[in-house]
$ cat my_file_2.cif   # mmCIF, C-alpha atoms
data_input
#
loop_
_atom_site.label_atom_id
_atom_site.label_comp_id
_atom_site.auth_asym_id
_atom_site.auth_seq_id
_atom_site.Cartn_x
_atom_site.Cartn_y
_atom_site.Cartn_z
CA MET F 1 -29.03 -34.82 20.41
CA LYS F 2 -26.23 -33.01 22.28
CA THR F 3 -23.79 -34.11 19.57
CA PHE F 4 -26.04 -32.56 16.93
CA TYR F 5 -26.10 -29.18 18.72
CA LYS F 6 -22.33 -29.21 19.21
CA LEU F 7 -21.78 -30.05 15.55
CA PHE F 8 -24.27 -27.38 14.46
CA THR F 9 -22.60 -24.74 16.67
CA LEU F 10 -19.12 -25.69 15.47
CA THR F 11 -20.21 -25.56 11.83
CA GLY F 12 -21.75 -22.12 12.35
CA LEU F 13 -18.60 -20.85 14.04
CA LEU F 14 -16.36 -22.15 11.26
CA LEU F 15 -18.62 -20.63 8.60
CA THR F 16 -18.55 -17.26 10.35
CA LEU F 17 -14.73 -17.31 10.64
CA THR F 18 -14.43 -18.27 6.97
CA LEU F 19 -16.62 -15.35 5.91
CA ILE F 20 -14.68 -12.87 8.05
CA THR F 21 -11.24 -13.97 6.83
CA SER F 22 -12.26 -14.25 3.18
CA CYS F 23 -13.19 -10.53 3.00
CA TYR F 24 -9.60 -9.36 3.59
CA THR F 25 -7.63 -8.96 0.36
CA PRO F 26 -3.96 -8.14 0.84
CA ASN F 27 -2.48 -5.52 -1.46
CA PRO F 28 0.97 -6.14 -2.98
CA LEU F 29 1.97 -2.54 -2.13
CA TYR F 30 1.73 -2.98 1.67
CA GLY F 31 5.06 -2.54 3.40
CA THR F 32 8.25 -0.57 2.86
CA TRP F 33 9.85 0.15 -0.51
CA THR F 34 13.33 1.70 -0.76
CA ASP F 35 16.18 2.24 -3.18
CA ASN F 36 19.94 2.72 -2.80
CA ASP F 37 19.64 6.52 -3.15
CA GLY F 38 17.72 6.93 0.12
CA ASN F 39 14.21 7.20 -1.33
CA LYS F 40 11.57 5.37 0.69
CA ILE F 41 7.80 4.88 0.59
CA GLN F 42 5.89 2.95 3.23
CA PHE F 43 2.33 1.85 2.43
CA MET F 44 0.15 1.00 5.42
CA ASP F 45 -2.89 -1.26 5.18
CA ASP F 46 -5.16 1.51 6.51
CA GLY F 47 -4.68 3.51 3.29
CA THR F 48 -2.02 5.89 4.60
CA PHE F 49 1.58 6.31 3.50
CA THR F 50 4.82 8.02 4.49
CA ALA F 51 7.54 8.85 2.01
CA SER F 52 11.00 10.35 1.90
CA VAL F 53 12.04 11.30 -1.63
CA LYS F 54 15.14 13.18 -2.79
CA ASP F 55 14.82 15.90 -5.40
CA SER F 56 17.23 16.64 -8.27
CA SER F 57 19.58 18.53 -5.91
CA ASN F 58 19.74 15.48 -3.60
CA VAL F 59 17.65 17.13 -0.83
CA SER F 60 15.25 14.73 0.89
CA SER F 61 11.66 15.81 1.54
CA SER F 62 9.18 13.95 3.74
CA TYR F 63 5.55 13.37 2.77
CA GLU F 64 2.54 11.69 4.33
CA GLY F 65 -1.05 11.23 3.38
CA GLU F 66 -3.45 8.70 1.92
CA TRP F 67 -3.09 6.34 -1.02
CA SER F 68 -5.39 4.18 -3.11
CA THR F 69 -5.28 2.26 -6.37
CA VAL F 70 -7.54 1.91 -9.36
CA ASP F 71 -6.21 -0.84 -11.62
CA ASN F 72 -2.62 0.21 -12.35
CA VAL F 73 -3.06 3.83 -11.24
CA LEU F 74 -1.68 4.78 -7.82
CA ILE F 75 -3.34 7.84 -6.27
CA PHE F 76 -1.46 9.85 -3.62
CA SER F 77 -3.28 12.49 -1.58
CA ILE F 78 -0.42 14.29 0.13
CA LYS F 79 -1.29 15.86 3.48
CA GLY F 80 -0.91 19.63 3.37
CA ASP F 81 -0.99 19.73 -0.44
CA SER F 82 -4.53 20.92 -1.06
CA SER F 83 -4.13 21.45 -4.81
CA TYR F 84 -5.09 17.93 -5.95
CA SER F 85 -4.19 14.26 -5.76
CA ARG F 86 -1.14 12.93 -7.54
CA ASN F 87 -1.77 10.04 -9.92
CA THR F 88 0.91 7.76 -11.30
CA GLU F 89 1.06 4.51 -13.15
CA TRP F 90 2.67 1.73 -11.11
CA ASP F 91 4.04 -1.70 -11.88
CA ILE F 92 5.50 -4.48 -9.76
CA ARG F 93 7.91 -6.89 -11.38
CA GLY F 94 9.28 -9.40 -8.93
CA ALA F 95 10.10 -7.43 -5.78
CA MET F 96 10.63 -4.15 -7.68
CA LEU F 97 8.11 -1.28 -7.70
CA TYR F 98 8.26 1.14 -10.62
CA LEU F 99 6.48 4.51 -10.38
CA THR F 100 6.87 8.21 -11.08
CA TRP F 101 6.81 10.45 -7.99
CA THR F 102 5.50 13.99 -8.48
CA ALA F 103 5.45 16.55 -5.66
CA ASN F 104 6.58 20.16 -5.15
CA ASN F 105 6.91 20.65 -8.92
CA THR F 106 9.46 17.82 -9.05
CA THR F 107 9.05 14.60 -10.99
CA LYS F 108 11.27 11.62 -10.28
CA VAL F 109 11.16 8.11 -11.73
CA LEU F 110 11.60 5.64 -8.87
CA THR F 111 12.61 2.00 -8.90
CA LEU F 112 12.14 0.70 -5.36
CA TYR F 113 12.69 -2.73 -3.86
CA HIS F 114 10.49 -4.33 -1.24
CA THR F 115 12.11 -4.52 2.18
CA ALA F 116 11.05 -6.03 5.47
CA ARG F 117 9.02 -3.79 7.74
#

$ encode --input "my_file_2.cif" --output "structure tokens"
Amino acid sequence: MKTFYKLFTLTGLLLTLTLITSCYTPNPLYGTWTDNDGNKIQFMDDGTFTASVKDSSNVSSSYEGEWSTVDNVLIFSIKGDSSYSRNTEWDIRGAMLYLTWTANNTTKVLTLYHTAR
């Protein structure tokens, strides 16, 4: 009888752990993305991001805020920019992220590669 209770408890514990770990779905955007021009976007798993993007005159600006995705649309809500969210189409091919960055009336097409945190 003791063996039955131990087996029942162990089965319940394993089932609970399986349910907890199966709910987490990793996003391919998590981590740091950079290019050779000094542009960088870091996506955190809590839905926040930090970015450093150079404009057409090669001046780097820093951004932070929240991000989310709907299918192949990436939505940036930049902190301090109360006008509206920025939406862009995104695509990952291999370890390369392709997107168009729009902020401060500047639009820049970015091709970023995935780097280690």

$ residues_around --input "my_file_2.cif" --residues "region 26-30 of chain F" --least-positions-apart "3" --cutoff "8 Å" --atoms "only C-alpha atoms" --output "list in words"
Gln42, Phe43, Met44 and Asp45 of chain F

$ closest_residue --input "my_file_2.cif" --among "F:Phe76, F:Tyr5, F:Trp67, F:Trp101" --to "Val53 (chain F)" --atoms "only C-alpha atoms"
F:Trp101

$ closest_residue --input "my_file_2.cif" --among "F:Asp37, F:Gly94, F:Tyr113, F:Leu99" --to "Val73 (chain F)" --atoms "only C-alpha atoms"
F:Leu99

$ atom_distance --input "my_file_2.cif" --atom1 "CA of Gly31 (chain F)" --atom2 "CA of Ser57 (chain F)"
27.2 Å

$ closest_residue --input "my_file_2.cif" --among "F:Thr88, F:Ala95, F:Ser68, F:Thr34" --to "Ser52 (chain F)" --atoms "all atoms listed in the file"
F:Thr34

$ closest_residue --input "my_file_2.cif" --among "F:Asp71, F:Ala103, F:Lys54, F:Lys79" --to "Asp35 (chain F)" --atoms "only C-alpha atoms"
F:Lys54

$ atom_distance --input "my_file_2.cif" --atom1 "CA of Phe49 (chain F)" --atom2 "CA of Arg93 (chain F)"
20.9 Å

$ residues_around --input "my_file_2.cif" --residues "Asn72 (chain F)" --least-positions-apart "6" --cutoff "10 Å" --atoms "only C-alpha atoms" --output "number ranges by chain"
F: 88-92

$ closest_residue --input "my_file_2.cif" --among "F:Ser60, F:Thr16, F:Arg86, F:Asp55" --to "Val109 (chain F)" --atoms "all atoms listed in the file"
F:Asp55

$ atom_distance --input "my_file_2.cif" --atom1 "CA of Ser77 (chain F)" --atom2 "CA of Leu110 (chain F)"
17.9 Å

$ build_atoms --input "my_file_2.cif" --residues "region 51-73 of chain F" --atoms "N, CA, C and O atoms" --output "compact mmCIF listing (two decimals), in the frame of the given file"
# COMPACT_ATOMS: atom_id res chain seq x y z
N ALA F 51 6.52 8.92 3.05
CA ALA F 51 7.54 8.85 2.01
C ALA F 51 8.66 9.84 2.30
O ALA F 51 8.44 10.89 2.91
N SER F 52 9.83 9.48 1.87
CA SER F 52 11.00 10.35 1.90
C SER F 52 11.64 10.23 0.53
O SER F 52 12.16 9.17 0.17
N VAL F 53 11.57 11.33 -0.25
CA VAL F 53 12.04 11.30 -1.63
C VAL F 53 13.00 12.45 -1.86
O VAL F 53 12.73 13.59 -1.47
N LYS F 54 14.15 12.15 -2.49
CA LYS F 54 15.14 13.18 -2.79
C LYS F 54 14.81 13.85 -4.11
O LYS F 54 14.37 13.21 -5.05
N ASP F 55 15.05 15.16 -4.16
CA ASP F 55 14.82 15.90 -5.40
C ASP F 55 16.09 15.88 -6.25
O ASP F 55 17.07 15.22 -5.91
N SER F 56 16.10 16.64 -7.34
CA SER F 56 17.23 16.64 -8.27
C SER F 56 18.51 17.19 -7.65
O SER F 56 19.61 16.88 -8.09
N SER F 57 18.39 18.02 -6.59
CA SER F 57 19.58 18.53 -5.91
C SER F 57 19.96 17.68 -4.70
O SER F 57 20.72 18.12 -3.84
N ASN F 58 19.42 16.47 -4.62
CA ASN F 58 19.74 15.48 -3.60
C ASN F 58 19.27 15.88 -2.20
O ASN F 58 19.83 15.45 -1.20
N VAL F 59 18.24 16.73 -2.11
CA VAL F 59 17.65 17.13 -0.83
C VAL F 59 16.41 16.27 -0.59
O VAL F 59 15.52 16.20 -1.44
N SER F 60 16.36 15.63 0.56
CA SER F 60 15.25 14.73 0.89
C SER F 60 14.08 15.51 1.48
O SER F 60 14.27 16.37 2.35
N SER F 61 12.89 15.22 1.00
CA SER F 61 11.66 15.81 1.54
C SER F 61 10.76 14.69 2.05
O SER F 61 10.70 13.62 1.45
N SER F 62 10.07 14.95 3.15
CA SER F 62 9.18 13.95 3.74
C SER F 62 7.73 14.28 3.38
O SER F 62 7.34 15.45 3.33
N TYR F 63 6.95 13.23 3.15
CA TYR F 63 5.55 13.37 2.77
C TYR F 63 4.75 12.34 3.56
O TYR F 63 5.25 11.28 3.93
N GLU F 64 3.48 12.65 3.76
CA GLU F 64 2.54 11.69 4.33
C GLU F 64 1.16 12.01 3.81
O GLU F 64 0.90 13.12 3.35
N GLY F 65 0.30 11.03 3.86
CA GLY F 65 -1.05 11.23 3.38
C GLY F 65 -1.76 9.91 3.18
O GLY F 65 -1.48 8.93 3.87
N GLU F 66 -2.66 9.90 2.21
CA GLU F 66 -3.45 8.70 1.92
C GLU F 66 -3.15 8.22 0.50
O GLU F 66 -2.79 9.02 -0.36
N TRP F 67 -3.32 6.92 0.29
CA TRP F 67 -3.09 6.34 -1.02
C TRP F 67 -4.22 5.37 -1.35
O TRP F 67 -4.88 4.83 -0.46
N SER F 68 -4.43 5.18 -2.64
CA SER F 68 -5.39 4.18 -3.11
C SER F 68 -4.98 3.78 -4.52
O SER F 68 -4.12 4.42 -5.14
N THR F 69 -5.58 2.72 -5.02
CA THR F 69 -5.28 2.26 -6.37
C THR F 69 -6.57 2.04 -7.13
O THR F 69 -7.60 1.67 -6.56
N VAL F 70 -6.49 2.27 -8.42
CA VAL F 70 -7.54 1.91 -9.36
C VAL F 70 -6.81 1.25 -10.52
O VAL F 70 -6.08 1.93 -11.25
N ASP F 71 -6.95 -0.06 -10.63
CA ASP F 71 -6.21 -0.84 -11.62
C ASP F 71 -4.71 -0.57 -11.46
O ASP F 71 -4.18 -0.81 -10.40
N ASN F 72 -4.06 -0.04 -12.49
CA ASN F 72 -2.62 0.21 -12.35
C ASN F 72 -2.31 1.69 -12.14
O ASN F 72 -1.22 2.16 -12.43
N VAL F 73 -3.27 2.43 -11.59
CA VAL F 73 -3.06 3.83 -11.24
C VAL F 73 -2.97 3.93 -9.72
O VAL F 73 -3.84 3.46 -9.00
